[in-house]
file coords_3.cif (mmCIF, C-alpha atoms and all ligand atoms)
data_entry
loop_
_atom_site.label_atom_id
_atom_site.label_comp_id
_atom_site.auth_asym_id
_atom_site.auth_seq_id
_atom_site.Cartn_x
_atom_site.Cartn_y
_atom_site.Cartn_z
CA MET A 1 21.09 13.53 20.73
CA LYS A 2 23.09 16.02 18.66
CA GLN A 3 21.20 19.31 18.44
CA ALA A 4 20.16 20.19 14.90
CA SER A 5 20.37 23.69 13.51
CA ASN A 6 17.09 25.55 13.41
CA VAL A 7 14.00 24.65 11.41
CA ARG A 8 14.35 27.60 9.06
CA ASP A 9 17.89 26.61 8.05
CA ILE A 10 16.88 23.00 7.44
CA LEU A 11 13.83 23.89 5.35
CA GLY A 12 15.81 26.60 3.60
CA ALA A 13 18.09 23.87 2.22
CA GLY A 14 15.16 22.66 0.07
CA ASN A 15 13.15 19.47 -0.13
CA PRO A 16 15.35 16.38 -0.04
CA VAL A 17 16.06 14.39 -3.19
CA ASP A 18 17.61 10.95 -2.74
CA ARG A 19 20.82 9.66 -4.32
CA LEU A 20 18.89 8.43 -7.36
CA GLY A 21 17.20 11.81 -7.91
CA ARG A 22 13.83 10.87 -6.37
CA PRO A 23 11.90 13.38 -4.24
CA LEU A 24 9.96 12.52 -1.07
CA HIS A 25 6.33 12.89 -2.06
CA ASP A 26 4.18 10.16 -0.48
CA LEU A 27 3.99 8.78 3.04
CA ARG A 28 2.24 5.52 3.93
CA ILE A 29 1.36 5.53 7.58
CA SER A 30 0.57 2.27 9.32
CA VAL A 31 -1.82 3.20 12.11
CA MET A 32 -2.34 -0.36 13.37
CA ASP A 33 -0.14 -3.46 13.25
CA ARG A 34 -3.02 -5.83 14.07
CA CYS A 35 -5.44 -7.22 11.54
CA ASN A 36 -8.79 -9.00 11.61
CA PHE A 37 -7.72 -11.11 8.58
CA ARG A 38 -4.85 -13.53 8.13
CA CYS A 39 -4.31 -13.32 4.38
CA PRO A 40 -1.69 -16.02 3.69
CA TYR A 41 0.24 -13.68 1.37
CA CYS A 42 0.58 -11.04 4.08
CA MET A 43 0.06 -12.30 7.64
CA PRO A 44 0.04 -16.10 7.49
CA LYS A 45 -1.70 -17.70 10.48
CA GLU A 46 1.27 -19.91 11.25
CA GLN A 47 3.37 -16.85 11.97
CA PHE A 48 0.72 -14.41 13.22
CA HIS A 49 -0.88 -16.86 15.63
CA GLU A 50 -2.78 -16.18 18.84
CA HIS A 51 0.44 -15.82 20.83
CA TYR A 52 2.09 -13.48 18.35
CA ARG A 53 3.27 -10.37 20.13
CA PHE A 54 1.61 -7.40 18.50
CA LEU A 55 2.39 -3.92 19.79
CA LYS A 56 0.87 -2.74 23.04
CA SER A 57 -1.16 0.42 22.59
CA GLN A 58 1.46 2.65 24.20
CA GLU A 59 4.07 1.24 21.82
CA ARG A 60 2.09 2.53 18.82
CA LEU A 61 2.44 6.13 17.75
CA SER A 62 -0.34 8.22 19.28
CA PHE A 63 -2.50 10.40 17.01
CA ASP A 64 -0.65 13.50 18.24
CA GLU A 65 2.68 11.90 17.34
CA ILE A 66 1.43 10.86 13.90
CA VAL A 67 0.11 14.35 13.20
CA ARG A 68 3.34 15.98 14.33
CA LEU A 69 5.40 13.72 12.09
CA ALA A 70 2.99 14.14 9.14
CA ARG A 71 3.35 17.91 9.50
CA LEU A 72 7.14 17.62 9.41
CA PHE A 73 7.03 15.27 6.42
CA GLY A 74 4.71 17.78 4.74
CA SER A 75 7.25 20.55 5.24
CA LEU A 76 9.85 18.34 3.50
CA GLY A 77 7.74 17.77 0.37
CA VAL A 78 5.18 15.07 1.23
CA ARG A 79 1.85 15.87 -0.41
CA LYS A 80 0.04 12.57 -0.18
CA LEU A 81 -0.71 10.39 2.83
CA ARG A 82 -2.06 6.85 2.78
CA LEU A 83 -3.31 5.33 6.01
CA THR A 84 -2.80 1.60 6.13
CA GLY A 85 -1.90 -1.23 8.51
CA GLY A 86 -2.48 -4.02 9.52
CA GLU A 87 -6.11 -3.07 9.34
CA PRO A 88 -6.44 0.69 9.88
CA LEU A 89 -10.13 0.56 10.79
CA LEU A 90 -9.23 -1.45 13.89
CA ARG A 91 -7.69 1.72 15.29
CA ALA A 92 -10.28 3.41 17.48
CA ASN A 93 -11.44 6.87 16.36
CA LEU A 94 -9.53 6.77 13.10
CA ALA A 95 -11.83 9.44 11.67
CA ASP A 96 -10.50 11.90 14.28
CA LEU A 97 -6.97 11.33 13.01
CA ILE A 98 -8.13 12.01 9.47
CA GLY A 99 -9.75 15.23 10.63
CA ASP A 100 -6.43 16.34 12.17
CA LEU A 101 -4.40 15.36 9.10
CA THR A 102 -6.66 17.33 6.76
CA GLY A 103 -5.62 20.42 8.72
CA ILE A 104 -2.01 20.18 7.46
CA PRO A 105 -1.80 22.76 4.67
CA GLU A 106 0.84 20.92 2.58
CA ILE A 107 -1.15 17.69 2.42
CA GLU A 108 -3.21 17.59 -0.78
CA ASP A 109 -4.50 14.04 -0.66
CA ILE A 110 -5.33 11.52 2.06
CA ALA A 111 -6.25 7.94 1.17
CA LEU A 112 -7.11 4.88 3.22
CA THR A 113 -6.50 1.22 2.37
CA THR A 114 -8.74 -1.25 4.18
CA ASN A 115 -9.93 -4.82 3.92
CA GLY A 116 -13.44 -3.35 4.06
CA VAL A 117 -14.92 -5.45 6.86
CA LEU A 118 -15.54 -2.44 9.11
CA LEU A 119 -16.05 0.08 6.34
CA ALA A 120 -19.84 0.17 6.33
CA GLN A 121 -19.93 1.30 9.94
CA HIS A 122 -17.31 4.02 9.48
CA ALA A 123 -17.81 5.34 5.93
CA VAL A 124 -20.03 8.32 6.79
CA ASP A 125 -17.83 9.40 9.70
CA LEU A 126 -14.65 9.09 7.63
CA HIS A 127 -16.15 11.24 4.90
CA ALA A 128 -17.45 13.79 7.39
CA ASN A 129 -13.89 14.13 8.74
CA GLY A 130 -12.43 14.89 5.33
CA LEU A 131 -11.55 11.54 3.76
CA ARG A 132 -12.36 11.65 0.05
CA ARG A 133 -11.27 8.28 -1.23
CA VAL A 134 -10.74 4.75 -0.11
CA THR A 135 -9.09 1.61 -1.47
CA VAL A 136 -10.66 -1.69 -0.53
CA SER A 137 -8.73 -4.94 -0.86
CA LEU A 138 -10.87 -7.62 -2.45
CA ASP A 139 -9.26 -10.54 -4.27
CA THR A 140 -12.27 -12.59 -5.31
CA LEU A 141 -16.06 -12.79 -5.37
CA ASP A 142 -16.04 -16.51 -4.64
CA LYS A 143 -16.96 -17.14 -1.00
CA GLU A 144 -14.76 -20.19 -0.54
CA ILE A 145 -11.73 -18.63 -2.17
CA PHE A 146 -12.35 -15.46 -0.19
CA ALA A 147 -12.31 -17.46 3.06
CA ARG A 148 -9.05 -19.08 2.02
CA MET A 149 -7.43 -15.81 0.98
CA SER A 150 -8.41 -14.03 4.20
CA GLY A 151 -7.19 -16.88 6.39
CA GLY A 152 -10.74 -17.92 7.23
CA PHE A 153 -11.60 -14.68 9.02
CA GLY A 154 -13.31 -12.59 6.43
CA ALA A 155 -16.89 -12.15 5.41
CA LEU A 156 -17.31 -11.37 1.73
CA ASP A 157 -20.79 -9.89 2.20
CA GLN A 158 -19.50 -7.40 4.75
CA VAL A 159 -16.80 -6.23 2.36
CA LEU A 160 -19.29 -5.81 -0.51
CA HIS A 161 -21.59 -3.93 1.83
CA GLY A 162 -18.64 -1.76 2.85
CA ILE A 163 -17.96 -0.86 -0.79
CA ASP A 164 -21.60 0.13 -1.33
CA ALA A 165 -21.57 2.18 1.87
CA ALA A 166 -18.37 3.96 0.81
CA ILE A 167 -19.91 4.94 -2.53
CA ALA A 168 -23.10 6.10 -0.82
CA ALA A 169 -21.03 8.19 1.63
CA GLY A 170 -19.27 9.99 -1.22
CA LEU A 171 -15.93 8.14 -1.04
CA SER A 172 -15.90 7.48 -4.73
CA PRO A 173 -14.59 6.27 -7.02
CA VAL A 174 -13.69 3.38 -4.74
CA LYS A 175 -10.51 1.61 -5.77
CA ILE A 176 -10.38 -2.13 -5.35
CA ASN A 177 -7.01 -3.83 -4.93
CA ALA A 178 -7.03 -7.46 -6.01
CA VAL A 179 -3.91 -9.54 -5.47
CA ILE A 180 -3.91 -12.27 -8.09
CA GLU A 181 -2.24 -15.61 -7.36
CA ARG A 182 -2.00 -18.28 -10.00
CA GLY A 183 -4.01 -21.37 -9.19
CA ILE A 184 -5.84 -19.60 -6.34
CA ASN A 185 -7.98 -16.74 -7.67
CA ASP A 186 -6.71 -15.97 -11.18
CA HIS A 187 -9.62 -17.70 -12.92
CA GLY A 188 -12.09 -15.35 -11.16
CA ALA A 189 -10.27 -12.10 -11.94
CA LEU A 190 -12.72 -11.10 -14.69
CA ASP A 191 -15.69 -11.68 -12.38
CA LEU A 192 -14.53 -8.66 -10.38
CA LEU A 193 -14.70 -6.54 -13.52
CA GLU A 194 -18.03 -8.00 -14.53
CA ARG A 195 -19.48 -6.91 -11.20
CA PHE A 196 -17.93 -3.45 -10.93
CA ARG A 197 -17.76 -2.21 -14.53
CA GLY A 198 -20.12 0.73 -14.93
CA MET A 199 -20.00 1.56 -11.22
CA PRO A 200 -17.88 4.30 -9.56
CA VAL A 201 -15.25 1.64 -8.84
CA ILE A 202 -11.79 1.08 -10.31
CA VAL A 203 -10.46 -2.45 -9.99
CA ARG A 204 -6.67 -2.70 -9.84
CA PHE A 205 -4.92 -6.01 -10.21
CA ILE A 206 -1.74 -6.44 -8.19
CA GLU A 207 0.98 -8.95 -8.92
CA PHE A 208 1.62 -11.19 -5.92
CA MET A 209 4.85 -9.99 -4.26
CA ASP A 210 7.33 -11.75 -2.03
CA VAL A 211 6.92 -9.22 0.77
CA GLY A 212 9.08 -10.18 3.71
CA ASN A 213 9.81 -13.68 2.29
CA ARG A 214 7.21 -15.22 4.57
CA ASN A 215 4.35 -15.97 2.22
CA GLU A 216 5.54 -19.00 0.24
CA TRP A 217 5.98 -16.83 -2.80
CA ARG A 218 7.21 -18.62 -5.92
CA PRO A 219 7.72 -17.06 -9.33
CA GLU A 220 5.16 -19.35 -10.95
CA THR A 221 2.43 -18.03 -8.62
CA VAL A 222 2.76 -14.53 -10.10
CA VAL A 223 0.26 -13.73 -12.86
CA PRO A 224 2.01 -11.07 -14.93
CA SER A 225 -0.20 -8.09 -15.74
CA ARG A 226 0.44 -8.64 -19.44
CA GLU A 227 -1.41 -11.96 -19.23
CA LEU A 228 -4.40 -10.37 -17.51
CA VAL A 229 -4.46 -7.49 -19.98
CA ALA A 230 -4.70 -9.98 -22.85
CA ARG A 231 -7.52 -11.92 -21.16
CA ILE A 232 -9.52 -8.81 -20.35
CA LYS A 233 -9.04 -7.25 -23.80
CA ALA A 234 -10.34 -10.40 -25.43
CA ARG A 235 -13.59 -9.99 -23.50
CA TRP A 236 -13.96 -6.19 -23.26
CA PRO A 237 -11.88 -4.10 -25.66
CA MET A 238 -9.84 -1.48 -23.81
CA HIS A 239 -6.95 0.89 -24.42
CA PRO A 240 -4.11 2.24 -22.28
CA ILE A 241 -4.44 5.78 -20.92
CA ALA A 242 -1.95 8.25 -19.49
CA GLU A 243 -0.94 8.23 -15.85
CA ASN A 244 -2.59 10.77 -13.55
CA TYR A 245 0.77 11.96 -12.28
CA ARG A 246 4.44 11.08 -12.63
CA GLY A 247 5.30 7.95 -10.69
CA GLU A 248 1.72 6.60 -10.42
CA VAL A 249 2.09 2.92 -9.57
CA ALA A 250 -0.92 1.60 -11.50
CA GLN A 251 -0.94 1.46 -15.27
CA ARG A 252 -4.36 2.55 -16.40
CA TRP A 253 -6.54 1.12 -19.15
CA ARG A 254 -10.01 2.33 -20.16
CA PHE A 255 -12.81 0.17 -21.53
CA ASP A 256 -13.70 1.20 -25.08
CA ASP A 257 -17.41 1.09 -24.23
CA GLY A 258 -17.05 3.85 -21.62
CA THR A 259 -17.79 1.67 -18.59
CA GLY A 260 -14.74 2.82 -16.68
CA GLU A 261 -11.14 1.84 -16.18
CA VAL A 262 -8.96 -0.89 -14.76
CA GLY A 263 -5.47 -0.66 -13.26
CA PHE A 264 -2.47 -2.96 -13.15
CA ILE A 265 0.19 -2.80 -10.47
CA SER A 266 3.07 -4.77 -11.90
CA SER A 267 5.51 -4.58 -9.02
CA VAL A 268 7.14 -7.88 -9.94
CA SER A 269 7.24 -7.93 -13.74
CA GLN A 270 7.77 -4.22 -14.14
CA PRO A 271 9.22 -2.68 -10.99
CA PHE A 272 8.76 1.05 -10.60
CA CYS A 273 11.68 1.87 -8.29
CA GLY A 274 12.96 4.52 -10.73
CA THR A 275 10.17 6.94 -9.83
CA CYS A 276 9.46 5.75 -6.30
CA SER A 277 8.84 8.71 -4.01
CA ARG A 278 7.19 6.75 -1.19
CA ALA A 279 8.27 6.50 2.42
CA ARG A 280 6.73 4.39 5.13
CA LEU A 281 6.04 5.05 8.79
CA SER A 282 5.32 1.92 10.84
CA SER A 283 2.82 1.77 13.72
CA GLU A 284 5.72 1.83 16.17
CA GLY A 285 7.16 4.92 14.55
CA LYS A 286 9.95 3.57 12.38
CA PHE A 287 10.64 5.42 9.15
CA TYR A 288 11.44 3.17 6.18
CA THR A 289 12.55 4.32 2.76
CA CYS A 290 11.32 1.22 0.87
CA LEU A 291 8.45 -1.28 1.23
CA PHE A 292 11.02 -4.04 1.40
CA ALA A 293 13.47 -2.35 3.77
CA THR A 294 14.27 -4.31 6.91
CA HIS A 295 15.89 -1.44 8.77
CA GLY A 296 13.98 1.67 9.81
CA ILE A 297 14.89 4.89 11.63
CA ASN A 298 13.25 5.04 15.05
CA LEU A 299 11.38 8.34 15.12
CA ARG A 300 9.20 7.33 18.07
CA ASP A 301 12.14 7.08 20.47
CA ALA A 302 13.41 10.41 19.24
CA LEU A 303 9.97 11.99 19.71
CA ARG A 304 9.62 10.54 23.19
CA SER A 305 13.05 11.62 24.30
CA GLY A 306 12.34 15.25 23.58
CA ALA A 307 13.59 15.74 20.03
CA THR A 308 12.82 19.18 18.65
CA ASP A 309 11.20 19.70 15.24
CA ALA A 310 14.63 20.61 13.91
CA ASP A 311 16.11 17.32 15.21
CA LEU A 312 13.33 15.29 13.61
CA LEU A 313 13.47 17.19 10.34
CA GLN A 314 17.19 16.56 10.14
CA MET A 315 16.74 12.84 10.82
CA ILE A 316 14.10 12.52 8.10
CA ARG A 317 15.85 14.73 5.59
CA GLY A 318 19.26 13.15 6.19
CA THR A 319 17.85 9.64 5.78
CA TRP A 320 16.12 10.53 2.52
CA LEU A 321 19.22 12.21 1.11
CA GLU A 322 21.15 8.95 1.62
CA ARG A 323 18.43 6.73 0.11
CA THR A 324 19.53 4.31 -2.62
CA ASP A 325 16.79 1.61 -2.35
CA ARG A 326 15.70 -0.11 -5.55
CA TYR A 327 14.87 -3.49 -4.13
CA SER A 328 12.18 -4.50 -6.64
CA GLU A 329 14.50 -3.82 -9.56
CA GLN A 330 17.30 -5.77 -7.96
CA ARG A 331 15.15 -8.58 -6.60
CA GLU A 332 15.11 -10.61 -9.79
CA GLN A 333 18.92 -10.46 -10.02
CA LEU A 334 19.25 -11.39 -6.33
CA ARG A 335 16.83 -14.27 -6.69
CA GLN A 336 18.54 -15.62 -9.78
CA ALA A 337 21.94 -15.31 -8.12
CA ARG A 338 20.64 -17.27 -5.11
CA ASN A 339 18.95 -19.96 -7.15
CA PRO A 340 19.76 -19.99 -10.86
CA ALA A 341 17.48 -23.02 -11.42
CA GLU A 342 14.34 -21.04 -10.49
CA GLN A 343 11.97 -19.85 -13.17
CA LYS A 344 12.84 -16.43 -14.58
CA ILE A 345 10.28 -13.65 -14.54
CA GLU A 346 10.12 -11.81 -17.79
CA MET A 347 10.34 -8.03 -17.45
CA TYR A 348 8.24 -6.05 -19.88
CA TYR A 349 6.12 -3.00 -20.42
CA ILE A 350 2.37 -3.32 -20.75
CA GLY A 351 1.59 0.26 -21.74
CA GLY A 352 -0.69 2.75 -20.11
C1 LIG B 401 -0.97 -4.78 3.88
S1 LIG B 401 -2.59 -4.30 3.41
C2 LIG B 401 -3.02 -3.17 4.70
C3 LIG B 401 -4.37 -2.54 4.59
C4 LIG B 401 -5.60 -3.42 4.74
N1 LIG B 401 -5.49 -4.39 5.78
C5 LIG B 401 -5.94 -4.06 3.42
O1 LIG B 401 -5.84 -5.29 3.31
O2 LIG B 401 -6.30 -3.34 2.51
C6 LIG B 401 -2.32 -3.20 2.05
C7 LIG B 401 -2.34 -3.85 0.68
O3 LIG B 401 -1.21 -4.69 0.52
C8 LIG B 401 -1.59 -5.78 -0.30
N2 LIG B 401 -0.67 -6.89 -0.10
C9 LIG B 401 -0.36 -7.51 1.05
N3 LIG B 401 0.52 -8.52 0.84
C10 LIG B 401 0.78 -8.54 -0.49
C11 LIG B 401 1.58 -9.35 -1.33
N4 LIG B 401 2.31 -10.35 -0.85
N5 LIG B 401 1.61 -9.09 -2.66
C12 LIG B 401 0.86 -8.07 -3.17
N6 LIG B 401 0.07 -7.26 -2.42
C13 LIG B 401 0.03 -7.50 -1.11
C14 LIG B 401 -3.00 -6.08 0.18
O4 LIG B 401 -3.75 -6.80 -0.74
C15 LIG B 401 -3.57 -4.71 0.39
O5 LIG B 401 -4.20 -4.24 -0.79
S1 LIG B 402 -6.30 -7.67 5.46
FE1 LIG B 402 -4.57 -6.42 4.81
S2 LIG B 402 -3.15 -6.33 6.54
FE2 LIG B 402 -4.68 -7.92 6.97
S3 LIG B 402 -3.66 -9.79 6.42
FE3 LIG B 402 -4.88 -9.11 4.65
S4 LIG B 402 -3.53 -7.80 3.39
FE4 LIG B 402 -2.56 -8.10 5.39
#
call {"tool": "encode", "arguments": {"input": "coords_3.cif", "output": "structure tokens", "more": "lines below"}}
Ligand SMILES: C[S@@+](CC[C@H](N)C(=O)[O-])C[C@H]1O[C@@H](n2cnc3c(N)ncnc32)[C@H](O)[C@@H]1O
Ligand code: SF4
result
Amino acid sequence: MKQASNVRDILGAGNPVDRLGRPLHDLRISVMDRCNFRCPYCMPKEQFHEHYRFLKSQERLSFDEIVRLARLFGSLGVRKLRLTGGEPLLRANLADLIGDLTGIPEIEDIALTTNGVLLAQHAVDLHANGLRRVTVSLDTLDKEIFARMSGGFGALDQVLHGIDAAIAAGLSPVKINAVIERGINDHGALDLLERFRGMPVIVRFIEFMDVGNRNEWRPETVVPSRELVARIKARWPMHPIAENYRGEVAQRWRFDDGTGEVGFISSVSQPFCGTCSRARLSSEGKFYTCLFATHGINLRDALRSGATDADLLQMIRGTWLERTDRYSEQREQLRQARNPAEQKIEMYYIGG
């Protein structure tokens, strides 16, 4: 490996900004490639079957490796970490990792996204180790639809119990991510609000995305946020509110009666590539500059072959400087070019 100049010189050159003027601010770290669900939109059973080759434990980044990389990312401008997976709570002793990550001075915010099944048993420990907020994925309150949307593995009661336990442990407000698919769970979307309005919970509706092209995504299965906004407003008046920070992915609306807020993540109908400052680190240590990227930079092999901090910083910084990804914005054009007969998705702004 070519030796990099020293750490001070690299950091002295300033935080990297990509070719489209976007800084590196957020890092999503997958701590576990396995999952205890098989949501058809994410890990369909047919593909992630019992003989699927998940990573062996030594192939995953160790906690020490994750912390070292998070520290380096922090020195290049990352302020926010999100632990995800697979299912992050399947990783043994996850709370210890959180404790170590909270010790990185540059990191201002650590979040966790989980399917919630194991949350009740870990909530207190996670909070005690410094976690302050959690996002739970929950698409429906209907038991049968829940079973279908989790690939038959999930237990709705456990997830609801996990949400209560998270609130009780001080991980609030809890955010709930609900992926809405037309004809599957769209008719029950308002039930989620009915249940959680007035509680320290923010429900966020996510447009179904064609992640990885392996989930039988079709344009007509996307429920555009604008449609949901209209349905919700007709039942509970609400108004758009300002984003918490530049580049926030969810558009926020507040109920007029003061019972809280609801978010919309419109990745399909209103892509937010223009302000995207998120990088991804996979469980096996590959660094990706876009959720949809198929090629990642192998930081694990570099780490394990003796790379210095300066080497790693230069790899990360150099990759970000070259970044041009805007897949979500281009996806509609690519899709139409591939198949002009397919239904068009209208792009629009829903406010907030
Ligand atoms: C990949 S999961 C990993 C963390 C954890 N297992 C969970 O489900 O929260 C992270 C988030 O991605 C969302 N997701 C997965 N596939 C998606 C898709 N095709 N479209 C939209 N969101 C998706 C999930 O609903 C979840 O909120
Ligand atoms: S629980 Fe999360 S990681 Fe697991 S299959 Fe569902 S969305 Fe994917």
call {"tool": "closest_residue", "arguments": {"input": "coords_3.cif", "among": "A:Glu87, A:Glu322, A:Asp125, A:Asp309", "to": "ligand LIG 401 (chain B)", "atoms": "only C-alpha atoms and all ligand atoms"}}
result
A:Glu87
call {"tool": "closest_atom_pairs", "arguments": {"input": "coords_3.cif", "of": "chain A", "to": "ligand LIG 401 (chain B)", "cutoff": "9 Å", "atoms": "all atoms listed in the file", "output": "tab-separated table"}}
result
residue	atom	partner	partner_atom	distance
A:Ser30	CA	B:LIG401	C2	8.0
A:Arg34	CA	B:LIG401	N1	8.8
A:Cys35	CA	B:LIG401	N1	6.4
A:Asn36	CA	B:LIG401	N1	8.1
A:Phe37	CA	B:LIG401	N1	7.6
A:Cys39	CA	B:LIG401	N3	7.7
A:Pro40	CA	B:LIG401	N4	8.3
A:Tyr41	CA	B:LIG401	N4	4.5
A:Cys42	CA	B:LIG401	N3	4.1
A:Met43	CA	B:LIG401	N3	7.8
A:Leu83	CA	B:LIG401	C3	8.1
A:Thr84	CA	B:LIG401	C3	4.7
A:Gly85	CA	B:LIG401	C2	4.4
A:Gly86	CA	B:LIG401	N1	4.8
A:Glu87	CA	B:LIG401	N1	3.8
A:Pro88	CA	B:LIG401	C3	6.5
A:Leu89	CA	B:LIG401	N1	8.4
A:Leu112	CA	B:LIG401	C3	8.0
A:Thr113	CA	B:LIG401	O2	4.6
A:Thr114	CA	B:LIG401	O2	3.6
A:Asn115	CA	B:LIG401	C5	4.1
A:Gly116	CA	B:LIG401	O2	7.3
A:Thr135	CA	B:LIG401	O2	6.9
A:Val136	CA	B:LIG401	O2	5.6
A:Ser137	CA	B:LIG401	O2	4.5
A:Leu138	CA	B:LIG401	O4	7.4
A:Asp139	CA	B:LIG401	O4	7.5
A:Ile176	CA	B:LIG401	O5	8.0
A:Asn177	CA	B:LIG401	O5	5.0
A:Ala178	CA	B:LIG401	O4	6.2
A:Val179	CA	B:LIG401	O4	5.5
A:Ile180	CA	B:LIG401	C12	8.0
A:Glu181	CA	B:LIG401	N5	8.9
A:Ile206	CA	B:LIG401	C12	5.9
A:Glu207	CA	B:LIG401	C12	5.8
A:Phe208	CA	B:LIG401	N5	3.9
A:Met209	CA	B:LIG401	N5	3.7
A:Asp210	CA	B:LIG401	N4	5.3
A:Val211	CA	B:LIG401	N4	5.0
A:Gly212	CA	B:LIG401	N4	8.2
A:Asn213	CA	B:LIG401	N4	8.8
A:Arg214	CA	B:LIG401	N4	8.8
A:Asn215	CA	B:LIG401	N4	6.7
A:Trp217	CA	B:LIG401	N4	7.7
A:Ser267	CA	B:LIG401	C12	8.2
call {"tool": "write_last_selection", "arguments": {"input": "coords_3.cif", "atoms": "C-alpha atoms", "output": "PDB file, in the frame of the given file"}}
result
ATOM      1  CA  SER A  30       0.570   2.270   9.320  1.00  0.00           C
ATOM      2  CA  ARG A  34      -3.020  -5.830  14.070  1.00  0.00           C
ATOM      3  CA  CYS A  35      -5.440  -7.220  11.540  1.00  0.00           C
ATOM      4  CA  ASN A  36      -8.790  -9.000  11.610  1.00  0.00           C
ATOM      5  CA  PHE A  37      -7.720 -11.110   8.580  1.00  0.00           C
ATOM      6  CA  CYS A  39      -4.310 -13.320   4.380  1.00  0.00           C
ATOM      7  CA  PRO A  40      -1.690 -16.020   3.690  1.00  0.00           C
ATOM      8  CA  TYR A  41       0.240 -13.680   1.370  1.00  0.00           C
ATOM      9  CA  CYS A  42       0.580 -11.040   4.080  1.00  0.00           C
ATOM     10  CA  MET A  43       0.060 -12.300   7.640  1.00  0.00           C
ATOM     11  CA  LEU A  83      -3.310   5.330   6.010  1.00  0.00           C
ATOM     12  CA  THR A  84      -2.800   1.600   6.130  1.00  0.00           C
ATOM     13  CA  GLY A  85      -1.900  -1.230   8.510  1.00  0.00           C
ATOM     14  CA  GLY A  86      -2.480  -4.020   9.520  1.00  0.00           C
ATOM     15  CA  GLU A  87      -6.110  -3.070   9.340  1.00  0.00           C
ATOM     16  CA  PRO A  88      -6.440   0.690   9.880  1.00  0.00           C
ATOM     17  CA  LEU A  89     -10.130   0.560  10.790  1.00  0.00           C
ATOM     18  CA  LEU A 112      -7.110   4.880   3.220  1.00  0.00           C
ATOM     19  CA  THR A 113      -6.500   1.220   2.370  1.00  0.00           C
ATOM     20  CA  THR A 114      -8.740  -1.250   4.180  1.00  0.00           C
ATOM     21  CA  ASN A 115      -9.930  -4.820   3.920  1.00  0.00           C
ATOM     22  CA  GLY A 116     -13.440  -3.350   4.060  1.00  0.00           C
ATOM     23  CA  THR A 135      -9.090   1.610  -1.470  1.00  0.00           C
ATOM     24  CA  VAL A 136     -10.660  -1.690  -0.530  1.00  0.00           C
ATOM     25  CA  SER A 137      -8.730  -4.940  -0.860  1.00  0.00           C
ATOM     26  CA  LEU A 138     -10.870  -7.620  -2.450  1.00  0.00           C
ATOM     27  CA  ASP A 139      -9.260 -10.540  -4.270  1.00  0.00           C
ATOM     28  CA  ILE A 176     -10.380  -2.130  -5.350  1.00  0.00           C
ATOM     29  CA  ASN A 177      -7.010  -3.830  -4.930  1.00  0.00           C
ATOM     30  CA  ALA A 178      -7.030  -7.460  -6.010  1.00  0.00           C
ATOM     31  CA  VAL A 179      -3.910  -9.540  -5.470  1.00  0.00           C
ATOM     32  CA  ILE A 180      -3.910 -12.270  -8.090  1.00  0.00           C
ATOM     33  CA  GLU A 181      -2.240 -15.610  -7.360  1.00  0.00           C
ATOM     34  CA  ILE A 206      -1.740  -6.440  -8.190  1.00  0.00           C
ATOM     35  CA  GLU A 207       0.980  -8.950  -8.920  1.00  0.00           C
ATOM     36  CA  PHE A 208       1.620 -11.190  -5.920  1.00  0.00           C
ATOM     37  CA  MET A 209       4.850  -9.990  -4.260  1.00  0.00           C
ATOM     38  CA  ASP A 210       7.330 -11.750  -2.030  1.00  0.00           C
ATOM     39  CA  VAL A 211       6.920  -9.220   0.770  1.00  0.00           C
ATOM     40  CA  GLY A 212       9.080 -10.180   3.710  1.00  0.00           C
ATOM     41  CA  ASN A 213       9.810 -13.680   2.290  1.00  0.00           C
ATOM     42  CA  ARG A 214       7.210 -15.220   4.570  1.00  0.00           C
ATOM     43  CA  ASN A 215       4.350 -15.970   2.220  1.00  0.00           C
ATOM     44  CA  TRP A 217       5.980 -16.830  -2.800  1.00  0.00           C
ATOM     45  CA  SER A 267       5.510  -4.580  -9.020  1.00  0.00           C
TER      46      SER A 267
END
call {"tool": "residues_around", "arguments": {"input": "coords_3.cif", "residues": "segment 126-129 of chain A", "least_positions_apart": "2", "cutoff": "10 Å", "atoms": "only C-alpha atoms", "output": "number ranges by chain"}}
result
A: 93-102, 112, 119, 121-124, 131-134, 166, 169-171
call {"tool": "atom_distance", "arguments": {"input": "coords_3.cif", "atom1": "atom CA of Gln251 of chain A", "atom2": "atom CA of Pro237 of chain A"}}
result
16.1 Å
call {"tool": "closest_residue", "arguments": {"input": "coords_3.cif", "among": "A:His161, A:Met199, A:Glu220, A:Leu61", "to": "Gly258 of chain A", "atoms": "all atoms listed in the file"}}
result
A:Met199
call {"tool": "axis_aligned_box", "arguments": {"input": "coords_3.cif", "around": "ligand LIG 402 (chain B)", "padding_each_side": "3 Å", "output": "lines of an AutoDock Vina configuration file"}}
result
center_x = -4.4
center_y = -8.1
center_z = 5.2
size_x = 9.7
size_y = 9.5
size_z = 9.6
